[in-house]
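Below: coords_20.cif (mmCIF, C-alpha atoms)
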```cif
data_entry
loop_
_atom_site.label_atom_id
_atom_site.label_comp_id
_atom_site.auth_asym_id
_atom_site.auth_seq_id
_atom_site.Cartn_x
_atom_site.Cartn_y
_atom_site.Cartn_z
CA MET A 10 61.26 -94.19 -19.48
CA PHE A 11 64.42 -96.26 -19.55
CA ALA A 12 66.52 -94.51 -16.90
CA PRO A 13 64.65 -95.95 -13.87
CA MET A 14 64.24 -99.27 -15.66
CA LEU A 15 67.97 -99.60 -16.22
CA ALA A 16 68.68 -98.50 -12.66
CA ASN A 17 66.29 -100.99 -11.04
CA GLY A 18 66.32 -103.84 -13.51
CA THR A 19 68.59 -106.86 -13.71
CA ASP A 20 70.41 -107.97 -16.87
CA ILE A 21 68.36 -105.60 -18.97
CA ASP A 22 69.15 -103.39 -21.95
CA ARG A 23 67.15 -101.44 -24.51
CA ILE A 24 67.04 -100.98 -28.25
CA TYR A 25 65.39 -98.00 -29.91
CA ILE A 26 63.59 -98.67 -33.19
CA PRO A 27 64.20 -95.66 -35.44
CA TYR A 28 61.40 -94.77 -37.86
CA PRO A 29 59.98 -91.58 -39.41
CA ALA A 30 57.19 -90.85 -36.92
CA SER A 31 55.42 -88.64 -39.43
CA PHE A 32 51.85 -87.68 -40.25
CA GLY A 33 51.99 -86.60 -43.87
CA GLY A 34 54.16 -83.59 -43.08
CA ALA A 35 51.37 -81.80 -41.17
CA ILE A 36 52.61 -78.86 -39.13
CA GLY A 37 53.48 -79.83 -35.57
CA THR A 38 53.77 -83.57 -36.24
CA GLY A 39 57.48 -83.92 -36.78
CA ALA A 40 59.99 -83.42 -39.56
CA GLY A 41 58.96 -86.43 -41.66
CA THR A 42 56.72 -86.02 -44.71
CA ASP A 43 55.54 -89.61 -45.24
CA PRO A 44 51.84 -90.32 -44.63
CA PHE A 45 51.10 -91.97 -41.29
CA THR A 46 50.46 -95.34 -42.95
CA VAL A 47 53.83 -95.33 -44.71
CA SER A 48 55.59 -94.40 -41.46
CA MET A 49 53.85 -97.22 -39.59
CA THR A 50 54.73 -99.81 -42.24
CA HIS A 51 58.38 -98.77 -42.00
CA ALA A 52 58.34 -99.01 -38.21
CA ARG A 53 56.68 -102.44 -38.20
CA SER A 54 59.26 -103.83 -40.61
CA ARG A 55 62.11 -102.64 -38.39
CA LEU A 56 60.46 -103.96 -35.24
CA ASP A 57 59.91 -107.40 -36.78
CA ALA A 58 63.51 -107.62 -37.95
CA THR A 59 64.93 -106.44 -34.62
CA ALA A 60 62.83 -108.82 -32.53
CA ALA A 61 63.74 -111.79 -34.73
CA GLN A 62 67.43 -110.90 -34.51
CA VAL A 63 67.36 -110.60 -30.70
CA VAL A 64 65.76 -114.00 -30.10
CA GLN A 65 68.09 -115.64 -32.60
CA GLN A 66 71.26 -114.19 -31.10
CA CYS A 67 70.16 -114.38 -27.44
CA PRO A 68 68.29 -117.68 -26.90
CA ASN A 69 67.77 -117.06 -23.16
CA THR A 70 66.48 -113.51 -23.56
CA GLN A 71 62.85 -112.38 -23.46
CA ILE A 72 61.62 -109.22 -25.14
CA ALA A 73 59.64 -106.38 -23.60
CA ALA A 74 58.26 -103.89 -26.12
CA ALA A 75 57.01 -100.36 -25.48
CA GLY A 76 55.49 -97.75 -27.77
CA TYR A 77 54.06 -94.26 -27.44
CA SER A 78 51.35 -92.73 -29.64
CA SER A 79 51.98 -93.77 -33.26
CA GLY A 80 54.68 -96.11 -31.99
CA SER A 81 52.17 -97.83 -29.71
CA ALA A 82 49.90 -98.51 -32.71
CA VAL A 83 52.80 -100.36 -34.33
CA VAL A 84 53.67 -102.26 -31.15
CA SER A 85 49.99 -103.13 -30.62
CA GLU A 86 49.72 -104.61 -34.11
CA TRP A 87 52.97 -106.51 -33.53
CA ALA A 88 51.73 -107.87 -30.18
CA GLN A 89 48.43 -108.99 -31.72
CA ASP A 90 50.30 -110.92 -34.40
CA VAL A 91 52.67 -112.46 -31.86
CA GLY A 92 49.76 -113.41 -29.61
CA ALA A 93 48.05 -115.09 -32.57
CA GLY A 94 51.19 -117.05 -33.43
CA LYS A 95 51.76 -115.03 -36.63
CA GLY A 96 54.56 -112.73 -35.45
CA PRO A 97 58.33 -112.81 -35.90
CA VAL A 98 58.81 -114.40 -32.44
CA ALA A 99 56.92 -116.94 -30.35
CA PRO A 100 54.60 -115.66 -27.58
CA ASP A 101 56.76 -117.25 -24.88
CA ARG A 102 59.65 -115.00 -25.90
CA VAL A 103 57.71 -111.85 -24.95
CA ALA A 104 57.79 -110.85 -21.27
CA GLY A 105 55.46 -107.86 -21.61
CA VAL A 106 54.25 -104.99 -23.77
CA ALA A 107 53.51 -101.41 -22.64
CA LEU A 108 51.28 -99.25 -24.86
CA LEU A 109 51.16 -95.55 -24.00
CA SER A 110 48.57 -93.39 -25.80
CA ASP A 111 47.56 -96.29 -28.04
CA PRO A 112 45.21 -95.23 -30.90
CA THR A 113 44.09 -98.85 -31.30
CA ARG A 114 43.19 -99.32 -27.63
CA PRO A 115 39.93 -101.29 -27.28
CA PRO A 116 36.98 -99.79 -25.38
CA GLY A 117 36.66 -100.64 -21.69
CA GLY A 118 38.40 -99.49 -18.56
CA GLU A 119 40.68 -102.53 -18.30
CA PRO A 120 44.41 -101.76 -18.32
CA LEU A 121 45.15 -105.36 -19.38
CA PRO A 122 42.90 -106.06 -22.40
CA GLY A 123 41.39 -109.52 -22.36
CA ARG A 124 41.79 -109.82 -18.59
CA PRO A 125 38.79 -108.15 -16.90
CA ARG A 126 39.36 -106.97 -13.34
CA GLN A 127 43.08 -107.81 -13.52
CA PHE A 128 45.38 -104.93 -12.60
CA SER A 129 48.72 -106.70 -12.02
CA PRO A 130 50.41 -107.91 -15.22
CA SER A 131 50.82 -111.64 -15.72
CA ALA A 132 54.21 -113.19 -15.02
CA PRO A 133 56.85 -113.37 -17.74
CA PRO A 134 56.87 -116.89 -19.22
CA GLY A 135 58.78 -119.40 -17.11
CA THR A 136 58.85 -117.24 -13.96
CA ASP A 137 56.84 -117.12 -10.74
CA GLY A 138 56.10 -113.44 -11.35
CA ALA A 139 56.85 -112.49 -7.74
CA ARG A 140 58.08 -108.99 -8.55
CA THR A 141 55.76 -108.44 -11.50
CA SER A 142 52.75 -109.22 -9.30
CA GLU A 143 53.67 -106.21 -7.14
CA ILE A 144 53.01 -103.87 -10.07
CA ARG A 145 49.49 -102.46 -10.37
CA LEU A 146 48.34 -100.64 -13.48
CA ALA A 147 45.84 -97.80 -13.25
CA PRO A 148 42.39 -98.04 -14.85
CA VAL A 149 42.07 -96.42 -18.26
CA PRO A 150 39.14 -94.46 -19.75
CA VAL A 151 36.15 -96.56 -20.82
CA SER A 152 36.14 -95.16 -24.37
CA GLY A 153 38.68 -96.67 -26.75
CA GLY A 154 41.27 -95.26 -29.12
CA ILE A 155 40.53 -93.26 -32.23
CA ALA A 156 41.56 -96.26 -34.36
CA SER A 157 40.17 -99.00 -32.10
CA ASP A 158 39.80 -102.18 -34.11
CA GLY A 159 38.64 -105.02 -31.90
CA THR A 160 42.08 -105.66 -30.48
CA ASP A 161 42.84 -109.24 -29.39
CA PHE A 162 46.26 -110.06 -27.94
CA GLY A 163 45.65 -113.80 -27.82
CA ALA A 164 48.42 -115.64 -25.97
CA LEU A 165 49.86 -112.31 -24.77
CA ALA A 166 46.69 -111.29 -22.90
CA GLY A 167 47.67 -110.29 -19.38
CA ARG A 168 51.14 -109.27 -20.53
CA VAL A 169 49.98 -106.28 -22.60
CA GLY A 170 49.28 -103.14 -20.58
CA GLU A 171 47.48 -100.00 -21.75
CA PHE A 172 48.35 -96.55 -20.39
CA CYS A 173 45.96 -93.75 -21.36
CA SER A 174 45.44 -90.25 -19.95
CA PRO A 175 41.82 -88.99 -19.92
CA GLY A 176 41.30 -86.43 -22.67
CA ASP A 177 44.09 -87.82 -24.87
CA LEU A 178 42.21 -88.09 -28.16
CA ALA A 179 44.57 -90.77 -29.47
CA CYS A 180 43.53 -93.38 -26.89
CA ASP A 181 40.43 -91.76 -25.31
CA ALA A 182 38.27 -90.91 -28.33
CA PRO A 183 34.54 -90.24 -27.90
CA GLY A 184 32.55 -93.42 -28.37
CA ARG A 185 29.78 -91.93 -30.54
CA ALA A 186 31.83 -90.07 -33.13
CA SER A 187 32.12 -92.21 -36.25
CA ALA A 188 32.65 -89.13 -38.42
CA LEU A 189 35.77 -88.29 -36.41
CA ARG A 190 37.19 -91.72 -37.20
CA VAL A 191 36.44 -91.18 -40.88
CA ALA A 192 38.46 -87.96 -40.87
CA SER A 193 41.29 -89.59 -38.93
CA GLY A 194 41.53 -92.52 -41.35
CA ILE A 195 41.60 -90.26 -44.39
CA ALA A 196 44.20 -87.92 -42.87
CA ALA A 197 46.43 -90.88 -41.97
CA GLN A 198 46.87 -91.67 -45.65
CA ALA A 199 47.20 -88.13 -47.01
CA ASP A 200 50.03 -85.82 -48.00
CA LEU A 201 49.56 -82.87 -45.63
CA ARG A 202 52.76 -80.93 -46.21
CA ASN A 203 50.97 -77.86 -47.54
CA PRO A 204 47.55 -76.89 -48.92
CA LEU A 205 48.63 -77.45 -52.53
CA ALA A 206 49.58 -81.05 -51.74
CA ALA A 207 46.83 -81.68 -49.20
CA ILE A 208 43.78 -80.78 -51.30
CA PRO A 209 44.29 -83.26 -54.16
CA SER A 210 45.55 -85.93 -51.77
CA LEU A 211 42.55 -85.61 -49.45
CA THR A 212 40.17 -85.44 -52.42
CA GLN A 213 41.55 -88.63 -53.94
CA ILE A 214 41.49 -90.59 -50.67
CA SER A 215 38.02 -89.28 -49.77
CA GLY A 216 36.68 -90.36 -53.15
CA GLN A 217 38.22 -93.79 -52.77
CA THR A 218 36.77 -94.09 -49.26
CA VAL A 219 33.26 -93.21 -50.45
CA ALA A 220 33.51 -95.68 -53.33
CA GLU A 221 34.64 -98.53 -51.07
CA ALA A 222 31.96 -97.75 -48.47
CA SER A 223 29.30 -97.61 -51.20
CA ASN A 224 30.30 -101.06 -52.41
CA THR A 225 29.96 -102.43 -48.88
CA ILE A 226 26.57 -100.76 -48.40
CA VAL A 227 25.24 -102.17 -51.66
CA LEU A 228 26.51 -105.69 -50.95
CA SER A 229 25.75 -105.84 -47.21
CA ASP A 230 22.94 -103.42 -46.40
CA VAL A 231 20.63 -103.49 -49.42
CA THR A 232 18.60 -106.59 -50.27
CA VAL A 233 16.60 -107.52 -53.34
CA SER A 234 14.04 -110.28 -52.80
CA PRO A 235 13.19 -112.88 -55.47
CA SER A 236 10.02 -110.89 -56.14
CA GLY A 237 12.08 -107.75 -56.79
CA GLN A 238 11.45 -105.86 -53.53
CA VAL A 239 14.33 -103.59 -52.54
CA ASP A 240 15.00 -102.91 -48.85
CA TYR A 241 17.67 -100.91 -47.05
CA ARG A 242 18.32 -102.42 -43.63
CA PRO A 243 21.84 -101.40 -42.63
CA ALA A 244 23.85 -103.52 -40.22
CA GLU A 245 26.10 -100.48 -39.66
CA THR A 246 25.58 -96.73 -40.00
CA VAL A 247 26.88 -94.98 -43.10
CA SER A 248 29.52 -93.15 -41.05
CA GLN A 249 30.73 -96.48 -39.63
CA ARG A 250 30.92 -97.94 -43.13
CA LEU A 251 32.95 -94.87 -44.13
CA ALA A 252 35.17 -95.21 -41.06
CA ASP A 253 35.88 -98.84 -41.94
CA ALA A 254 36.68 -97.91 -45.54
CA ALA A 255 38.94 -95.05 -44.41
CA ASP A 256 40.87 -97.31 -42.05
CA PRO A 257 44.20 -98.10 -43.75
CA ARG A 258 44.08 -101.59 -42.24
CA THR A 259 40.92 -102.48 -44.18
CA PRO A 260 41.80 -104.48 -47.32
CA ALA A 261 40.81 -102.88 -50.60
CA PRO A 262 37.84 -104.55 -52.32
CA SER A 263 38.76 -107.24 -54.83
CA PRO A 264 37.83 -106.90 -58.51
CA GLN A 265 35.20 -109.58 -57.94
CA GLN A 266 33.62 -107.59 -55.10
CA MET A 267 33.63 -104.42 -57.19
CA GLN A 268 31.93 -106.22 -60.07
CA ALA A 269 29.39 -107.81 -57.72
CA ALA A 270 28.52 -104.36 -56.33
CA ALA A 271 28.13 -102.94 -59.85
CA ASP A 272 25.88 -105.83 -60.88
CA LYS A 273 23.73 -105.46 -57.77
CA THR A 274 23.44 -101.70 -58.28
CA GLU A 275 22.00 -102.36 -61.75
CA GLN A 276 19.60 -104.90 -60.25
CA ILE A 277 18.45 -102.38 -57.61
CA ALA A 278 17.96 -99.61 -60.17
CA ALA A 279 15.96 -101.89 -62.44
CA ALA A 280 13.71 -103.06 -59.59
CA ILE A 281 12.96 -99.50 -58.47
CA ALA A 282 12.34 -98.32 -62.04
CA ALA A 283 9.85 -101.15 -62.54
CA ASP A 284 7.75 -100.12 -59.53
CA PRO A 285 8.72 -96.67 -58.23
CA LEU A 286 5.47 -96.06 -56.35
CA GLY A 287 5.83 -99.33 -54.51
CA HIS A 288 9.50 -98.82 -53.64
CA LEU A 289 10.12 -95.14 -52.97
CA PRO A 290 7.80 -94.56 -49.95
CA ARG A 291 9.11 -97.66 -48.17
CA LEU A 292 12.75 -96.84 -48.93
CA ALA A 293 12.20 -93.25 -47.76
CA GLY A 294 11.05 -94.54 -44.38
CA GLN A 295 14.02 -96.90 -44.15
CA VAL A 296 16.46 -94.12 -45.04
CA GLY A 297 14.83 -91.86 -42.44
CA ALA A 298 15.38 -94.48 -39.75
CA ALA A 299 19.00 -94.78 -40.88
CA LEU A 300 19.46 -91.01 -40.58
CA SER A 301 18.26 -91.15 -36.99
CA ALA A 302 20.81 -93.88 -36.29
CA GLU A 303 23.44 -91.72 -37.97
CA VAL A 304 22.75 -88.84 -35.60
CA ALA A 305 22.99 -91.20 -32.63
CA ALA A 306 26.29 -92.61 -33.91
CA ASN A 307 27.80 -89.12 -33.83
CA ALA A 308 25.97 -87.70 -30.81
CA ASP A 309 29.16 -87.03 -28.87
CA LEU A 310 30.32 -84.54 -31.49
CA LEU A 311 27.27 -82.41 -30.71
CA ASN A 312 27.66 -82.61 -26.94
CA PRO A 313 29.26 -79.53 -25.28
CA ALA A 314 30.63 -81.82 -22.57
CA THR A 315 32.68 -83.60 -25.22
CA VAL A 316 34.23 -80.33 -26.37
CA LEU A 317 35.10 -79.47 -22.78
CA HIS A 318 36.60 -82.92 -22.15
CA TYR A 319 38.97 -82.54 -25.11
CA ALA A 320 39.85 -78.89 -24.59
CA THR A 321 43.34 -79.83 -23.42
CA VAL A 322 44.19 -82.62 -25.88
CA PRO A 323 47.85 -81.55 -26.45
CA ALA A 324 48.52 -81.41 -22.70
CA ALA A 325 46.86 -84.78 -22.11
CA HIS A 326 48.74 -86.38 -25.00
CA THR A 327 52.10 -85.32 -23.59
CA SER A 328 51.30 -85.91 -19.92
CA TYR A 329 52.59 -89.45 -19.47
CA GLY A 330 55.85 -88.48 -17.84
CA ALA A 331 54.31 -85.88 -15.53
CA THR A 332 51.48 -88.16 -14.38
CA GLY A 333 53.83 -91.02 -13.57
CA GLN A 334 52.48 -93.43 -16.19
CA THR A 335 55.80 -93.66 -17.98
CA GLY A 336 57.50 -94.37 -14.66
CA ARG A 337 54.97 -97.09 -13.85
CA ALA A 338 55.72 -98.80 -17.16
CA ALA A 339 59.44 -98.57 -16.41
CA ASP A 340 58.91 -100.11 -12.98
CA TRP A 341 56.96 -102.94 -14.58
CA PHE A 342 59.77 -103.67 -17.04
CA ALA A 343 62.32 -103.62 -14.22
CA ALA A 344 60.18 -106.06 -12.21
CA MET A 345 59.97 -108.38 -15.22
CA SER A 346 63.74 -108.40 -15.50
CA GLN A 347 64.08 -109.23 -11.81
CA ASP A 348 61.70 -112.18 -12.17
CA LEU A 349 63.65 -113.45 -15.17
CA ALA A 350 66.96 -113.07 -13.30
CA ALA A 351 65.54 -115.05 -10.36
CA ARG A 352 64.47 -117.81 -12.73
CA ASN A 353 67.93 -117.97 -14.31
CA ALA A 354 69.59 -118.11 -10.90
CA ARG A 355 67.69 -121.25 -9.89
#
```

Can you present the structure in this file as structure tokens?
Amino acid sequence: MFAPMLANGTDIDRIYIPYPASFGGAIGTGAGTDPFTVSMTHARSRLDATAAQVVQQCPNTQIAAAGYSSGSAVVSEWAQDVGAGKGPVAPDRVAGVALLSDPTRPPGGEPLPGRPRQFSPSAPPGTDGARTSEIRLAPVPVSGGIASDGTDFGALAGRVGEFCSPGDLACDAPGRASALRVASGIAAQADLRNPLAAIPSLTQISGQTVAEASNTIVLSDVTVSPSGQVDYRPAETVSQRLADAADPRTPAPSPQQMQAAADKTEQIAAAIAADPLGHLPRLAGQVGAALSAEVAANADLLNPATVLHYATVPAAHTSYGATGQTGRAADWFAAMSQDLAARNAR
């Protein structure tokens, strides 16, 4: 990416952020053995420290950050915090952010999240954006990333660009496939070096995920009226509750929440035991409706067209150089540097 950027840019340099881009030691995912979540935490810490150091040592410099695949998930999280005013640098010190194959990419075909129908990135702060406005980003698939989380870049909206190849499961995951997101979240936390390590690791994390999802279901989806009537009216499907619980970014339930769920479970059991004939037929109908919603939430996994679309996932995931998307990001960064140089020359 950086060769054309350095050739065409002005007063521009790059810093690589080293981190163990690992996925639990799974075969084909690199030499590292740390779970994905540990690798990402390490990368974020280094990115924060590097960004803070650059702005401290170079007061007239703006930062442009780029990430690919797991690296883009880290950069996306960093950009969201910066845009919300919670990052290691102020938003006006960030010229732009390029996310290639971003697992957290929000749904929608907009290459600049938060800026519908905008295809040219916004100008770097303090510039007229003359050269940056000449850059046009390509539309991205409507479906979001496999770890899409309601991304909001705040003050950086318009300066964060998404690059996603169709069929790249990381950033173009099927929309109705909650179960796939459950599996992804569990695998991201597991030790996958070999079957002997993977089985107990996956079992432990799966059990924890089910327990956390069950607490949420009891507290959020089951009601007990003052008269003792129990109803199950879920705001989310079970698979979505599981996907949320499996997501490493979801905070673990507090001891108070766990106790509240246990107390409510006892209340539910007592209410049903007191009037089983009044409760069970109604609850059976409510559970049946929930099962229908569950099938709908995972309909894409049963669709042959989905299988065909993702038949070439490895090729799509590694296609960014061949399809010119990496080069487009490099051209954008070079244009940003030219706008900043023109500002400094005034």

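With all atoms listed in the file as the atoms that count, the residue of A:Cys173, A:Leu349, A:Ala61, A:Ile195 with the shortest distance to Gly105 of chain A is A:Leu349.
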
Which is closer to Val247 of chain A than all the others in A:Val106, A:Pro148, A:Leu300, A:Ala271, using only C-alpha atoms? A:Leu300

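One finds atom CA of Ala147 of chain A at 9.2 Å from atom CA of Arg337 of chain A.
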
Residues within 9 Å of segment 85-88 of chain A, please, as an MDAnalysis selection string. Count only C-alpha atoms; anything in the same chain fewer than 2 positions from it doesn't count. chainID A and resid 53 56:57 74 76 80:83 90:93 96:97 100 103 106:108 111 113:114 160 162:163 165 169

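Note that atom CA of Ala188 of chain A and atom CA of Ser248 of chain A are 5.7 Å apart.
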
Within 12 Å of segment 306-309 of chain A, counting all atoms listed in the file, which residues qualify if same-chain residues fewer than 2 places away don't, as an NGL selection string? :A and (152 or 182-191 or 245-250 or 252 or 299-304 or 311-319)

Return as number ranges by chain the set of residues that the PyMOL selection byres ((chain A and resi 150) around 12) yields on the displayed structure. A: 110-111, 114-120, 147-149, 151-154, 171-184

Selection: 10 Å around Arg124 of chain A, all atoms listed in the file, excl. self and same-chain fewer than 6 positions, as a list of chain:residue names: A:Pro130, A:Ser131, A:Ala166, A:Gly167, A:Arg168, A:Val169

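Minimum distance to Pro235 of chain A across A:Glu221, A:Ala293, A:Gln213, A:Ile277 (counting all atoms listed in the file) occurs at A:Ile277.
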
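When atom CA of Ser346 of chain A is paired with atom CA of Asp20 of chain A, their separation reads 6.8 Å.
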
Hey, can you pull every residue with an atom no more than 10 Å from (62.1, -113.4, -6.5), using all atoms listed in the file, and send it as a PDB file with C-alpha atoms, in the coordinates of the input?
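Contents of selection_3.pdb, freshly written:
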```pdb
ATOM      1  CA  THR A 136      58.850-117.240 -13.960  1.00  0.00           C
ATOM      2  CA  ASP A 137      56.840-117.120 -10.740  1.00  0.00           C
ATOM      3  CA  GLY A 138      56.100-113.440 -11.350  1.00  0.00           C
ATOM      4  CA  ALA A 139      56.850-112.490  -7.740  1.00  0.00           C
ATOM      5  CA  ARG A 140      58.080-108.990  -8.550  1.00  0.00           C
ATOM      6  CA  THR A 141      55.760-108.440 -11.500  1.00  0.00           C
ATOM      7  CA  ALA A 344      60.180-106.060 -12.210  1.00  0.00           C
ATOM      8  CA  GLN A 347      64.080-109.230 -11.810  1.00  0.00           C
ATOM      9  CA  ASP A 348      61.700-112.180 -12.170  1.00  0.00           C
ATOM     10  CA  LEU A 349      63.650-113.450 -15.170  1.00  0.00           C
ATOM     11  CA  ALA A 350      66.960-113.070 -13.300  1.00  0.00           C
ATOM     12  CA  ALA A 351      65.540-115.050 -10.360  1.00  0.00           C
ATOM     13  CA  ARG A 352      64.470-117.810 -12.730  1.00  0.00           C
ATOM     14  CA  ALA A 354      69.590-118.110 -10.900  1.00  0.00           C
TER      15      ALA A 354
END
```

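Distances from A:Leu146, A:Ile214, A:Met267, A:Ala261 to Asp340 of chain A were compared using all atoms listed in the file, and the smallest one belongs to A:Leu146.
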
With the file shown as input, list the residues that the PyMOL selection byres ((chain A and resi 227) around 12) selects, as number ranges by chain. A: 220-226, 228-233, 239-244, 247, 250, 266-278

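Closest approach to Ser79 of chain A among A:Arg23, A:Arg126, A:Arg102, A:His326 is made by A:His326 (distances from all atoms listed in the file).
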
Reconstruct segment 95-118 of chain A at the level of N, CA and C atoms, and format the result as a compact mmCIF listing (two decimals), in the frame of the given file.
```
# COMPACT_ATOMS: atom_id res chain seq x y z
N LYS A 95 51.42 -115.44 -35.26
CA LYS A 95 51.76 -115.03 -36.63
C LYS A 95 52.89 -114.00 -36.66
N GLY A 96 53.53 -113.75 -35.52
CA GLY A 96 54.56 -112.73 -35.45
C GLY A 96 55.95 -113.28 -35.72
N PRO A 97 56.95 -112.40 -35.63
CA PRO A 97 58.33 -112.81 -35.90
C PRO A 97 58.96 -113.60 -34.77
N VAL A 98 58.32 -113.63 -33.58
CA VAL A 98 58.81 -114.40 -32.44
C VAL A 98 57.65 -115.14 -31.81
N ALA A 99 57.96 -116.18 -31.03
CA ALA A 99 56.92 -116.94 -30.35
C ALA A 99 56.41 -116.17 -29.14
N PRO A 100 55.15 -116.38 -28.73
CA PRO A 100 54.60 -115.66 -27.58
C PRO A 100 55.41 -115.84 -26.30
N ASP A 101 56.02 -117.03 -26.12
CA ASP A 101 56.76 -117.25 -24.88
C ASP A 101 58.11 -116.56 -24.85
N ARG A 102 58.43 -115.80 -25.90
CA ARG A 102 59.65 -115.00 -25.90
C ARG A 102 59.36 -113.54 -25.57
N VAL A 103 58.10 -113.23 -25.26
CA VAL A 103 57.71 -111.85 -24.95
C VAL A 103 57.31 -111.76 -23.48
N ALA A 104 58.07 -111.00 -22.70
CA ALA A 104 57.79 -110.85 -21.27
C ALA A 104 56.63 -109.90 -21.02
N GLY A 105 56.52 -108.83 -21.81
CA GLY A 105 55.46 -107.86 -21.61
C GLY A 105 55.50 -106.78 -22.66
N VAL A 106 54.38 -106.06 -22.78
CA VAL A 106 54.25 -104.99 -23.77
C VAL A 106 53.53 -103.82 -23.11
N ALA A 107 54.11 -102.63 -23.20
CA ALA A 107 53.51 -101.41 -22.64
C ALA A 107 53.10 -100.49 -23.78
N LEU A 108 51.81 -100.12 -23.82
CA LEU A 108 51.28 -99.25 -24.86
C LEU A 108 50.81 -97.95 -24.23
N LEU A 109 51.50 -96.86 -24.54
CA LEU A 109 51.16 -95.55 -24.00
C LEU A 109 50.52 -94.71 -25.10
N SER A 110 49.31 -94.20 -24.84
CA SER A 110 48.57 -93.39 -25.80
C SER A 110 48.34 -94.18 -27.08
N ASP A 111 47.75 -95.35 -26.93
CA ASP A 111 47.56 -96.29 -28.04
C ASP A 111 46.29 -95.96 -28.83
N PRO A 112 46.41 -95.54 -30.11
CA PRO A 112 45.21 -95.23 -30.90
C PRO A 112 44.33 -96.44 -31.16
N THR A 113 44.88 -97.64 -31.04
CA THR A 113 44.09 -98.85 -31.30
C THR A 113 43.52 -99.46 -30.02
N ARG A 114 43.63 -98.77 -28.91
CA ARG A 114 43.19 -99.32 -27.63
C ARG A 114 41.70 -99.68 -27.68
N PRO A 115 41.34 -100.90 -27.24
CA PRO A 115 39.93 -101.29 -27.28
C PRO A 115 39.11 -100.58 -26.21
N PRO A 116 37.82 -100.41 -26.41
CA PRO A 116 36.98 -99.79 -25.38
C PRO A 116 36.97 -100.63 -24.11
N GLY A 117 36.69 -99.96 -22.99
CA GLY A 117 36.66 -100.64 -21.69
C GLY A 117 37.74 -100.07 -20.79
N GLY A 118 37.46 -100.08 -19.51
CA GLY A 118 38.40 -99.49 -18.56
C GLY A 118 39.45 -100.44 -18.03
```
